[in-house]
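Text of my_file_16.cif, listed as mmCIF, C-alpha atoms and all ligand atoms:
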```
data_protein
#
loop_
_atom_site.label_atom_id
_atom_site.label_comp_id
_atom_site.auth_asym_id
_atom_site.auth_seq_id
_atom_site.Cartn_x
_atom_site.Cartn_y
_atom_site.Cartn_z
CA MET Y 187 23.81 5.52 52.55
CA THR Y 188 27.49 4.77 52.02
CA GLU Y 189 29.94 7.42 53.08
CA LEU Y 190 31.29 9.66 50.35
CA LYS Y 191 34.96 8.85 49.72
CA ASN Y 192 35.69 11.86 47.52
CA ASP Y 193 33.81 15.03 48.44
CA ARG Y 194 36.16 17.54 46.79
CA PHE Y 195 33.48 18.59 44.32
CA LEU Y 196 30.84 19.25 47.00
CA ARG Y 197 33.37 21.07 49.19
CA ALA Y 198 34.53 23.30 46.34
CA LEU Y 199 30.90 24.16 45.51
CA MET Y 200 30.57 25.41 49.10
CA ARG Y 201 33.90 27.26 48.79
CA GLN Y 202 35.46 25.07 51.46
CA PRO Y 203 39.18 24.12 51.40
CA VAL Y 204 40.22 21.18 49.20
CA ASP Y 205 43.55 19.47 48.43
CA ARG Y 206 43.28 20.17 44.69
CA THR Y 207 40.75 21.61 42.25
CA PRO Y 208 37.97 19.10 41.46
CA VAL Y 209 37.22 18.38 37.82
CA TRP Y 210 34.42 16.92 35.70
CA MET Y 211 33.33 17.54 32.10
CA MET Y 212 29.95 18.59 30.79
CA ARG Y 213 28.72 15.74 28.54
CA GLN Y 214 31.40 13.46 29.96
CA ALA Y 215 29.29 10.41 29.06
CA GLY Y 216 28.85 10.62 25.32
CA ARG Y 217 29.77 9.85 21.78
CA TYR Y 218 33.48 10.70 22.01
CA LEU Y 219 33.83 7.45 24.02
CA PRO Y 220 33.85 4.22 21.96
CA GLU Y 221 32.39 2.34 24.95
CA TYR Y 222 29.44 4.78 24.96
CA ARG Y 223 28.82 4.18 21.26
CA ALA Y 224 28.86 0.42 21.88
CA THR Y 225 26.33 0.62 24.75
CA ARG Y 226 24.14 2.97 22.75
CA ALA Y 227 24.09 0.58 19.82
CA GLN Y 228 22.89 -2.08 22.25
CA ALA Y 229 20.08 0.17 23.54
CA GLY Y 230 18.93 1.35 20.12
CA ASP Y 231 18.25 5.07 20.08
CA PHE Y 232 19.31 7.71 22.59
CA LEU Y 233 15.96 7.96 24.38
CA SER Y 234 15.80 4.18 24.83
CA LEU Y 235 19.24 4.40 26.42
CA CYS Y 236 17.97 7.07 28.85
CA LYS Y 237 15.00 4.84 29.74
CA ASN Y 238 17.07 1.67 30.21
CA THR Y 239 18.14 1.83 33.88
CA PRO Y 240 21.10 -0.60 33.83
CA LEU Y 241 22.48 0.84 30.57
CA ALA Y 242 21.97 4.49 31.64
CA CYS Y 243 23.87 3.59 34.80
CA GLU Y 244 26.61 1.89 32.78
CA VAL Y 245 27.24 4.92 30.53
CA THR Y 246 27.22 7.28 33.54
CA LEU Y 247 30.07 5.27 35.05
CA GLN Y 248 32.10 4.81 31.83
CA PRO Y 249 34.04 8.11 32.01
CA LEU Y 250 34.84 7.39 35.69
CA GLU Y 251 36.47 4.11 34.72
CA ARG Y 252 38.79 5.97 32.36
CA TYR Y 253 39.58 9.18 34.21
CA PRO Y 254 40.09 10.40 37.81
CA LEU Y 255 36.94 12.55 37.72
CA ASP Y 256 35.54 14.09 40.89
CA ALA Y 257 31.84 13.83 40.03
CA ALA Y 258 29.43 11.70 38.03
CA ILE Y 259 26.52 13.24 36.14
CA LEU Y 260 23.25 11.45 35.61
CA PHE Y 261 22.90 10.17 32.06
CA SER Y 262 19.69 11.66 30.74
CA ASP Y 263 18.65 14.77 28.85
CA ILE Y 264 17.08 18.15 29.56
CA LEU Y 265 14.27 17.39 27.09
CA THR Y 266 12.72 14.65 29.24
CA ILE Y 267 10.42 17.31 30.77
CA PRO Y 268 8.78 18.43 27.49
CA ASP Y 269 8.51 14.76 26.56
CA ALA Y 270 6.69 14.08 29.85
CA LEU Y 271 4.42 17.05 29.08
CA GLY Y 272 3.24 15.18 25.99
CA LEU Y 273 5.30 16.79 23.21
CA GLY Y 274 6.75 13.53 21.87
CA LEU Y 275 10.55 13.85 21.83
CA TYR Y 276 12.49 11.98 19.16
CA PHE Y 277 15.95 12.11 17.64
CA GLU Y 278 16.64 11.69 13.96
CA THR Y 279 20.09 10.32 13.18
CA GLY Y 280 22.56 13.06 12.38
CA GLU Y 281 20.10 15.72 13.52
CA GLY Y 282 19.28 17.27 16.86
CA PRO Y 283 16.20 16.69 18.99
CA LYS Y 284 12.69 17.09 17.52
CA PHE Y 285 9.15 17.24 18.91
CA ARG Y 286 6.02 15.82 17.29
CA LYS Y 287 3.95 18.61 18.88
CA VAL Y 288 5.00 22.23 19.34
CA ILE Y 289 3.78 25.06 21.55
CA ARG Y 290 2.76 28.13 19.52
CA SER Y 291 -0.39 29.60 21.03
CA GLU Y 292 -2.11 30.51 24.26
CA ALA Y 293 -4.35 27.46 23.84
CA ASP Y 294 -1.27 25.22 23.52
CA VAL Y 295 0.15 26.63 26.76
CA ASP Y 296 -3.12 26.28 28.63
CA ALA Y 297 -3.52 22.68 27.48
CA LEU Y 298 -0.20 21.56 29.00
CA PRO Y 299 -0.75 18.97 31.74
CA LYS Y 300 0.69 19.33 35.22
CA MET Y 301 3.71 17.09 35.44
CA ASN Y 302 4.38 14.63 38.24
CA ALA Y 303 8.08 13.79 38.10
CA GLU Y 304 7.96 10.71 40.28
CA SER Y 305 5.41 8.98 38.05
CA ASP Y 306 5.91 10.67 34.65
CA LEU Y 307 9.70 10.52 34.83
CA ASP Y 308 10.11 7.44 36.99
CA TYR Y 309 12.84 6.17 34.67
CA VAL Y 310 15.01 9.16 35.59
CA MET Y 311 14.45 8.61 39.32
CA ASN Y 312 15.29 4.91 38.89
CA ALA Y 313 18.49 5.84 37.06
CA VAL Y 314 19.49 8.22 39.87
CA SER Y 315 18.97 5.69 42.65
CA THR Y 316 20.68 2.91 40.68
CA ILE Y 317 23.70 5.09 39.86
CA ARG Y 318 23.99 6.16 43.51
CA ARG Y 319 24.04 2.53 44.57
CA GLU Y 320 26.62 1.58 41.93
CA LEU Y 321 28.83 4.57 42.72
CA ASN Y 322 29.06 3.27 46.27
CA GLY Y 323 30.34 6.61 47.57
CA ARG Y 324 33.15 6.93 45.03
CA VAL Y 325 32.23 10.46 43.93
CA PRO Y 326 29.07 12.58 44.23
CA LEU Y 327 26.27 12.33 41.67
CA ILE Y 328 25.04 15.47 39.89
CA GLY Y 329 21.39 15.72 38.87
CA PHE Y 330 20.29 18.28 36.29
CA SER Y 331 17.55 20.01 34.39
CA GLY Y 332 17.20 22.58 31.64
CA SER Y 333 16.15 26.11 32.60
CA PRO Y 334 12.54 27.08 31.83
CA TRP Y 335 13.67 29.49 29.09
CA THR Y 336 15.92 26.89 27.43
CA LEU Y 337 13.20 24.21 27.60
CA ALA Y 338 10.66 26.70 26.22
CA THR Y 339 12.86 27.43 23.18
CA TYR Y 340 12.89 23.74 22.22
CA MET Y 341 9.16 23.36 22.86
CA ILE Y 342 8.23 26.40 20.78
CA GLU Y 343 10.75 25.90 17.96
CA GLY Y 344 10.10 22.15 17.85
CA GLY Y 345 13.84 21.46 18.10
CA SER Y 346 17.13 23.32 17.89
CA SER Y 347 17.21 26.79 16.36
CA LYS Y 348 19.72 29.36 15.18
CA THR Y 349 17.50 32.43 15.41
CA PHE Y 350 14.88 31.52 18.04
CA SER Y 351 12.33 33.40 15.92
CA GLU Y 352 9.25 31.51 17.14
CA ALA Y 353 10.27 31.67 20.80
CA LYS Y 354 10.99 35.39 20.53
CA LYS Y 355 7.74 35.96 18.61
CA LEU Y 356 5.83 34.58 21.57
CA MET Y 357 8.01 36.40 24.11
CA TYR Y 358 7.66 39.84 22.50
CA GLY Y 359 4.19 39.38 20.99
CA GLN Y 360 2.40 37.76 23.94
CA PRO Y 361 4.68 38.18 26.93
CA GLU Y 362 1.98 37.15 29.41
CA VAL Y 363 1.51 33.82 27.59
CA MET Y 364 5.28 33.27 27.61
CA HIS Y 365 5.32 33.97 31.34
CA ARG Y 366 2.58 31.38 31.87
CA LEU Y 367 4.59 28.80 29.97
CA LEU Y 368 7.81 29.61 31.88
CA ASP Y 369 6.02 29.49 35.22
CA HIS Y 370 4.54 26.11 34.36
CA LEU Y 371 8.00 24.86 33.40
CA ALA Y 372 9.57 26.27 36.57
CA ASP Y 373 7.09 24.24 38.65
CA ALA Y 374 7.89 21.13 36.61
CA VAL Y 375 11.65 21.69 37.05
CA ILE Y 376 11.27 22.12 40.84
CA ASP Y 377 9.32 18.87 41.03
CA TYR Y 378 11.84 17.12 38.74
CA LEU Y 379 14.99 18.27 40.59
CA ASN Y 380 13.48 17.61 44.02
CA GLY Y 381 12.60 14.11 42.77
CA GLN Y 382 16.23 13.61 41.71
CA ILE Y 383 17.48 14.89 45.08
CA LYS Y 384 15.14 12.52 46.92
CA ALA Y 385 16.38 9.69 44.70
CA GLY Y 386 20.00 10.51 45.63
CA ALA Y 387 21.39 13.41 43.55
CA GLN Y 388 23.96 15.23 45.73
CA ALA Y 389 24.20 18.45 43.69
CA VAL Y 390 22.10 19.82 40.84
CA GLN Y 391 22.90 21.90 37.79
CA ILE Y 392 20.49 23.99 35.77
CA PHE Y 393 21.51 24.24 32.11
CA ASP Y 394 20.45 27.58 30.65
CA THR Y 395 22.04 26.87 27.30
CA TRP Y 396 20.12 29.59 25.45
CA GLY Y 397 19.81 32.35 28.07
CA GLY Y 398 22.67 34.13 26.32
CA VAL Y 399 20.59 34.88 23.20
CA LEU Y 400 18.48 37.34 25.19
CA THR Y 401 18.80 41.09 25.74
CA GLY Y 402 19.92 41.94 29.29
CA TRP Y 403 16.47 42.96 30.54
CA ALA Y 404 14.83 39.98 28.82
CA TYR Y 405 17.36 37.62 30.40
CA GLU Y 406 16.37 38.94 33.84
CA GLU Y 407 12.67 38.80 33.11
CA PHE Y 408 12.32 35.59 31.07
CA SER Y 409 15.20 33.41 32.19
CA LEU Y 410 16.88 34.37 35.47
CA ARG Y 411 13.57 35.14 37.21
CA TYR Y 412 12.39 31.54 36.72
CA MET Y 413 15.74 30.06 37.72
CA LYS Y 414 15.44 32.08 40.94
CA LYS Y 415 12.00 30.61 41.50
CA ILE Y 416 13.48 27.13 41.04
CA VAL Y 417 16.41 27.76 43.40
CA ALA Y 418 13.93 28.99 46.05
CA GLY Y 419 11.82 25.84 45.65
CA LEU Y 420 14.57 23.23 45.86
CA ILE Y 421 15.43 20.90 48.71
CA ARG Y 422 18.78 22.28 49.86
CA GLU Y 423 19.81 19.66 52.36
CA ALA Y 424 19.83 15.88 52.18
CA GLU Y 425 21.67 13.15 54.09
CA GLY Y 426 22.93 15.81 56.51
CA ARG Y 427 24.65 17.83 53.79
CA ARG Y 428 23.95 20.86 51.65
CA VAL Y 429 22.76 20.02 48.13
CA PRO Y 430 24.51 22.73 46.10
CA VAL Y 431 22.92 24.30 43.02
CA VAL Y 432 24.94 25.34 39.95
CA LEU Y 433 23.47 27.77 37.40
CA PHE Y 434 25.03 27.63 33.97
CA THR Y 435 23.97 30.28 31.48
CA LYS Y 436 25.98 29.91 28.30
CA ASN Y 437 27.10 33.39 27.19
CA GLY Y 438 25.91 34.82 30.50
CA GLY Y 439 29.27 36.35 31.44
CA GLN Y 440 28.06 39.92 31.31
CA TRP Y 441 25.30 39.17 33.86
CA LEU Y 442 27.49 37.37 36.40
CA GLU Y 443 26.64 39.66 39.31
CA SER Y 444 22.89 39.08 38.88
CA ILE Y 445 23.37 35.34 38.44
CA ALA Y 446 25.51 35.22 41.60
CA ASP Y 447 22.63 36.96 43.43
CA SER Y 448 20.09 34.32 42.45
CA GLY Y 449 20.55 32.16 45.53
CA CYS Y 450 22.63 29.52 43.73
CA ASP Y 451 25.86 28.15 45.25
CA ALA Y 452 27.93 28.17 42.07
CA VAL Y 453 27.92 29.73 38.62
CA GLY Y 454 28.98 27.83 35.50
CA LEU Y 455 31.13 29.89 33.13
CA ASP Y 456 31.73 29.40 29.44
CA TRP Y 457 35.15 30.21 27.98
CA THR Y 458 34.31 33.72 26.76
CA THR Y 459 34.73 35.19 30.26
CA ASP Y 460 38.10 35.41 32.02
CA ILE Y 461 37.75 33.35 35.18
CA GLY Y 462 40.05 35.62 37.23
CA ASN Y 463 37.97 38.60 36.29
CA ALA Y 464 34.78 36.64 37.05
CA ARG Y 465 36.12 35.78 40.51
CA ALA Y 466 36.83 39.43 41.24
CA ARG Y 467 33.28 40.29 40.21
CA VAL Y 468 31.43 37.68 42.28
CA GLY Y 469 33.75 37.86 45.30
CA ASP Y 470 32.95 35.27 47.93
CA LYS Y 471 29.29 34.96 47.00
CA VAL Y 472 29.50 31.84 44.84
CA ALA Y 473 31.90 29.21 43.55
CA LEU Y 474 32.81 29.21 39.85
CA GLN Y 475 32.76 26.22 37.53
CA GLY Y 476 34.61 26.23 34.23
CA ASN Y 477 35.87 27.23 31.83
CA MET Y 478 38.21 25.81 29.17
CA ASP Y 479 37.02 26.09 25.58
CA PRO Y 480 36.02 22.50 24.68
CA ALA Y 481 37.63 23.05 21.27
CA MET Y 482 41.00 23.28 23.05
CA LEU Y 483 40.74 19.48 23.30
CA TYR Y 484 41.59 19.38 19.58
CA ALA Y 485 45.01 20.91 20.38
CA PRO Y 486 48.15 18.84 21.12
CA LYS Y 487 48.26 17.48 24.68
CA ALA Y 488 51.07 19.82 25.72
CA ARG Y 489 48.99 22.81 24.60
CA ILE Y 490 45.98 21.53 26.58
CA ARG Y 491 48.18 21.33 29.66
CA GLU Y 492 49.36 24.92 29.16
CA GLU Y 493 45.78 26.12 28.89
CA VAL Y 494 44.80 24.30 32.10
CA ALA Y 495 47.79 25.88 33.86
CA ASP Y 496 46.74 29.30 32.60
CA ILE Y 497 43.12 28.95 33.80
CA LEU Y 498 44.29 27.71 37.23
CA LYS Y 499 46.60 30.70 37.50
CA ARG Y 500 43.90 33.14 36.44
CA TYR Y 501 41.53 31.80 39.11
CA GLY Y 502 44.39 31.90 41.63
CA SER Y 503 44.74 30.45 45.12
CA GLY Y 504 42.06 29.27 47.47
CA PRO Y 505 38.84 27.33 47.20
CA GLY Y 506 35.72 27.88 45.12
CA HIS Y 507 36.85 26.64 41.70
CA ILE Y 508 35.51 23.53 40.01
CA PHE Y 509 37.38 22.87 36.80
CA ASN Y 510 35.22 22.03 33.79
CA LEU Y 511 34.94 22.77 30.11
CA GLY Y 512 33.04 25.93 29.18
CA HIS Y 513 30.42 23.76 27.43
CA GLY Y 514 29.92 20.11 26.54
CA ILE Y 515 32.70 17.96 25.09
CA THR Y 516 32.15 17.38 21.36
CA PRO Y 517 31.80 13.90 19.78
CA ASP Y 518 34.99 14.15 17.67
CA VAL Y 519 37.40 14.67 20.59
CA ASP Y 520 40.12 12.04 21.08
CA PRO Y 521 39.47 10.44 24.52
CA GLU Y 522 43.21 10.63 25.20
CA HIS Y 523 43.06 14.39 24.89
CA ALA Y 524 40.21 14.49 27.40
CA GLY Y 525 42.48 12.38 29.62
CA ALA Y 526 45.33 14.88 29.24
CA PHE Y 527 42.98 17.69 30.28
CA ILE Y 528 41.86 15.90 33.45
CA GLU Y 529 45.38 14.77 34.30
CA ALA Y 530 46.64 18.34 33.99
CA VAL Y 531 44.02 19.59 36.46
CA VAL Y 532 44.89 16.78 38.90
CA GLU Y 533 48.65 17.41 38.64
CA LEU Y 534 48.80 21.19 38.43
CA SER Y 535 46.10 22.40 40.81
CA GLY Y 536 47.47 21.27 44.20
CA GLN Y 537 49.82 24.27 44.41
CA TYR Y 538 46.79 26.60 44.58
CA HIS Y 539 45.41 24.88 47.69
CA GLN Y 540 48.20 25.08 50.28
O1 LIG Y 601 26.81 15.58 30.73
C1 LIG Y 601 26.51 14.37 30.61
O2 LIG Y 601 27.31 13.50 30.27
C2 LIG Y 601 25.11 13.96 31.01
C3 LIG Y 601 24.18 13.76 29.96
C4 LIG Y 601 23.58 14.93 29.20
C5 LIG Y 601 23.10 14.76 27.88
N1 LIG Y 601 22.45 15.92 27.51
C6 LIG Y 601 23.25 13.55 27.08
C7 LIG Y 601 23.06 13.61 25.62
C8 LIG Y 601 23.29 16.25 29.58
C9 LIG Y 601 23.65 16.98 30.86
C10 LIG Y 601 22.55 16.84 28.50
C11 LIG Y 601 22.00 18.21 28.56
C12 LIG Y 601 21.42 18.82 27.34
N2 LIG Y 601 20.66 18.21 26.37
C13 LIG Y 601 21.47 20.18 27.04
C14 LIG Y 601 22.08 21.24 27.92
C15 LIG Y 601 23.55 21.14 27.93
C16 LIG Y 601 24.21 21.82 26.83
O3 LIG Y 601 24.91 21.15 26.06
O4 LIG Y 601 24.08 23.05 26.75
C17 LIG Y 601 20.78 20.39 25.82
C18 LIG Y 601 20.62 21.70 25.11
C19 LIG Y 601 20.27 19.14 25.42
C20 LIG Y 601 19.42 18.85 24.23
C21 LIG Y 601 20.05 17.88 23.35
N3 LIG Y 601 20.19 16.53 23.63
C22 LIG Y 601 20.64 18.13 22.09
C23 LIG Y 601 20.71 19.50 21.45
C24 LIG Y 601 21.12 16.90 21.63
C25 LIG Y 601 21.76 16.61 20.33
C26 LIG Y 601 23.20 16.96 20.48
C27 LIG Y 601 24.04 16.31 19.44
O5 LIG Y 601 25.24 16.65 19.50
O6 LIG Y 601 23.56 15.53 18.62
C28 LIG Y 601 20.88 15.93 22.61
C29 LIG Y 601 21.27 14.50 22.55
C30 LIG Y 601 22.19 14.02 23.60
N4 LIG Y 601 22.09 14.28 24.93
C31 LIG Y 601 23.30 13.15 23.41
C32 LIG Y 601 23.84 12.88 24.67
C33 LIG Y 601 24.97 11.96 25.02
C34 LIG Y 601 23.75 12.58 22.09
C35 LIG Y 601 22.83 11.46 21.77
C36 LIG Y 601 23.44 10.37 20.97
O7 LIG Y 601 23.36 10.46 19.74
O8 LIG Y 601 23.96 9.41 21.58
#
```
Translate this file's structure into C-alpha cells.
Ligand code: CP3
Amino acid sequence: MTELKNDRFLRALMRQPVDRTPVWMMRQAGRYLPEYRATRAQAGDFLSLCKNTPLACEVTLQPLERYPLDAAILFSDILTIPDALGLGLYFETGEGPKFRKVIRSEADVDALPKMNAESDLDYVMNAVSTIRRELNGRVPLIGFSGSPWTLATYMIEGGSSKTFSEAKKLMYGQPEVMHRLLDHLADAVIDYLNGQIKAGAQAVQIFDTWGGVLTGWAYEEFSLRYMKKIVAGLIREAEGRRVPVVLFTKNGGQWLESIADSGCDAVGLDWTTDIGNARARVGDKVALQGNMDPAMLYAPKARIREEVADILKRYGSGPGHIFNLGHGITPDVDPEHAGAFIEAVVELSGQYHQ
C-alpha cells in the first residue's frame, strides 16, 4: 500500500501530537455540492450511485478537490445493512429513506437472514478498495456503519420517524425480542466494518443518530451495549497501524463518560455540548470530534470564522481534537461557506499545537 502523506486525522484520533487540528465534515460528499448533483443525475437514484463503484469513488473525492480536508469518508449509507437483510431500501424524491418490508414482530426478527458483508455488500467493499487506490495515500479513508439501535429504528418504523413509537413499542413491550434484533444487527455491523477495514478503511465511525431519543438507562441497555459489542469485535490494527473507532451518538452529551468507557478511541460530539467541558469530563481517555452547529454555515463567513476560533479555544491546547460539524452538512449550504469553515480551522488551529 502507498504511504500515507497526511496522517493528521489518524494521529489526532490516537491523541498524538499534530501540527494543526485535522478537519473533515460529516456528509461532506452530498447535495450542497453542484458536482455531486451532476454525478448523481448521471447515476440515477441515490442507491444506484452507491452501487456504481467509479461514481461512488468520484463523489467521495469531490470535496477533497475543493477543500484541504484531512480525511475522506466512504460514499455509501448506513441503510445498506437493512437492505442486505432483505428489507428493500428505496428513496422517494423529496422524502427520506423507506423500506418495502418492516420489522414489527418476533417472527419478523427470527426470519432475518444472517448477513455476509463480503458477498451481500460487495459493492461497498469494491468502493472502499477503489477509493483507497484513487486516494493514493493523500488522506486516510473513513469507513462507517449505523449503530444497531439506529438501524433498528429505521427497520421497525419503515423509514424516518419523529416519535419512534413503533421502535419504542417493541423495546418496552417485548424487550427480549428487541435485544435479539439488536444482537443480530451488532453481528452484521461487526462483519460489515471488518469487511471495510480489510478492503482498506483506515478508521471507522459508528453513527448512532437516534441514541439520544432514549432514556439514560435505555441508552445503556439498548444502544451503548451493542456498540460496545461491536468495538470489541472489530479488527483494531491493519497495515501496521491502529484502526481507530469513533462513536457518534447525536444528543449523547450527557452520557459522555459512559461512551468514553466503551473501548472506542474517539467520541463524536454534536453542538449541544461545550467541547471544553467535554474534554474535562473524558480526560485523556478518548479524542473528541466536533462540534460546530452545521447551521452556523448559513452565517456570514466572518461569523463562521469566529465560531471556529471559539471552539478551538474552548478545546484548548494539545492533541486529541478532530474538528467537524456537530452533524451532517445540510443540502442548502453555500459551498463557499463550507470552504470558509475549513480554511478557518486550517489557519487558526496551529497555535494550539506548539
Ligand atoms: O458523510 C458522507 O459524505 C458519507 C456518506 C453518507 C451518506 N449517509 C450519504 C447520503 C453517510 C455517512 C450517511 C450516513 C447516514 N445515512 C446516517 C447517519 C448520519 C447522520 O446524518 O446522522 C443516516 C441516519 C442515514 C440515513 C439516510 N440516508 C437518510 C435519513 C437520508 C435522507 C437524508 C436527506 O437529507 O434526504 C439518506 C440519503 C443520503 N445519504 C444522501 C446522501 C448524500 C442524500 C441522497 C441524495 O438525495 O442524493
Within 8 Å of ligand LIG 601 (chain Y), counting all atoms listed in the file: which residues, as an MDAnalysis selection string?
chainID Y and resid 211:217 222:223 226 231:232 246 259:265 277 279:283 330:332 336 345:346 393:396 436 513:514 516:517
Which value, in Å to one decimal, gives the distance between atom CA of Y:Arg465 and atom CA of Y:Tyr501?
6.9 Å
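Closest approach to Y:Asn380 among Y:Glu522, Y:Glu407, Y:Glu423, Y:Asp470 is made by Y:Glu423 (distances from only C-alpha atoms).
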Residue list as JSON, numbers by chain for point (18.2, 25.1, 37.3), cut-off 6 Å, only C-alpha atoms
{"Y": [331, 333, 391, 392, 413, 433]}
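We find atom CA of Y:Arg324 and atom CA of Y:Val472 to be spaced 25.2 Å apart.
Closest approach to Y:Asp373 from the set Y:Ile267, Y:Val325, Y:Leu307, Y:Met357 is made by Y:Ile267, with distances taken over only C-alpha atoms.
Closest approach to Y:Trp403 among Y:Ser444, Y:Asn437, Y:Thr458, Y:Gln202: Y:Ser444, based on only C-alpha atoms.
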List the spatial neighbours of Y:Gly272 as a list in words - criterion: any atom at most 8 Å away, only C-alpha atoms, same-chain residues fewer than 6 positions off excluded.
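Final neighbour list, sorted by chain and number: Lys287, Leu298 and Pro299 of chain Y.
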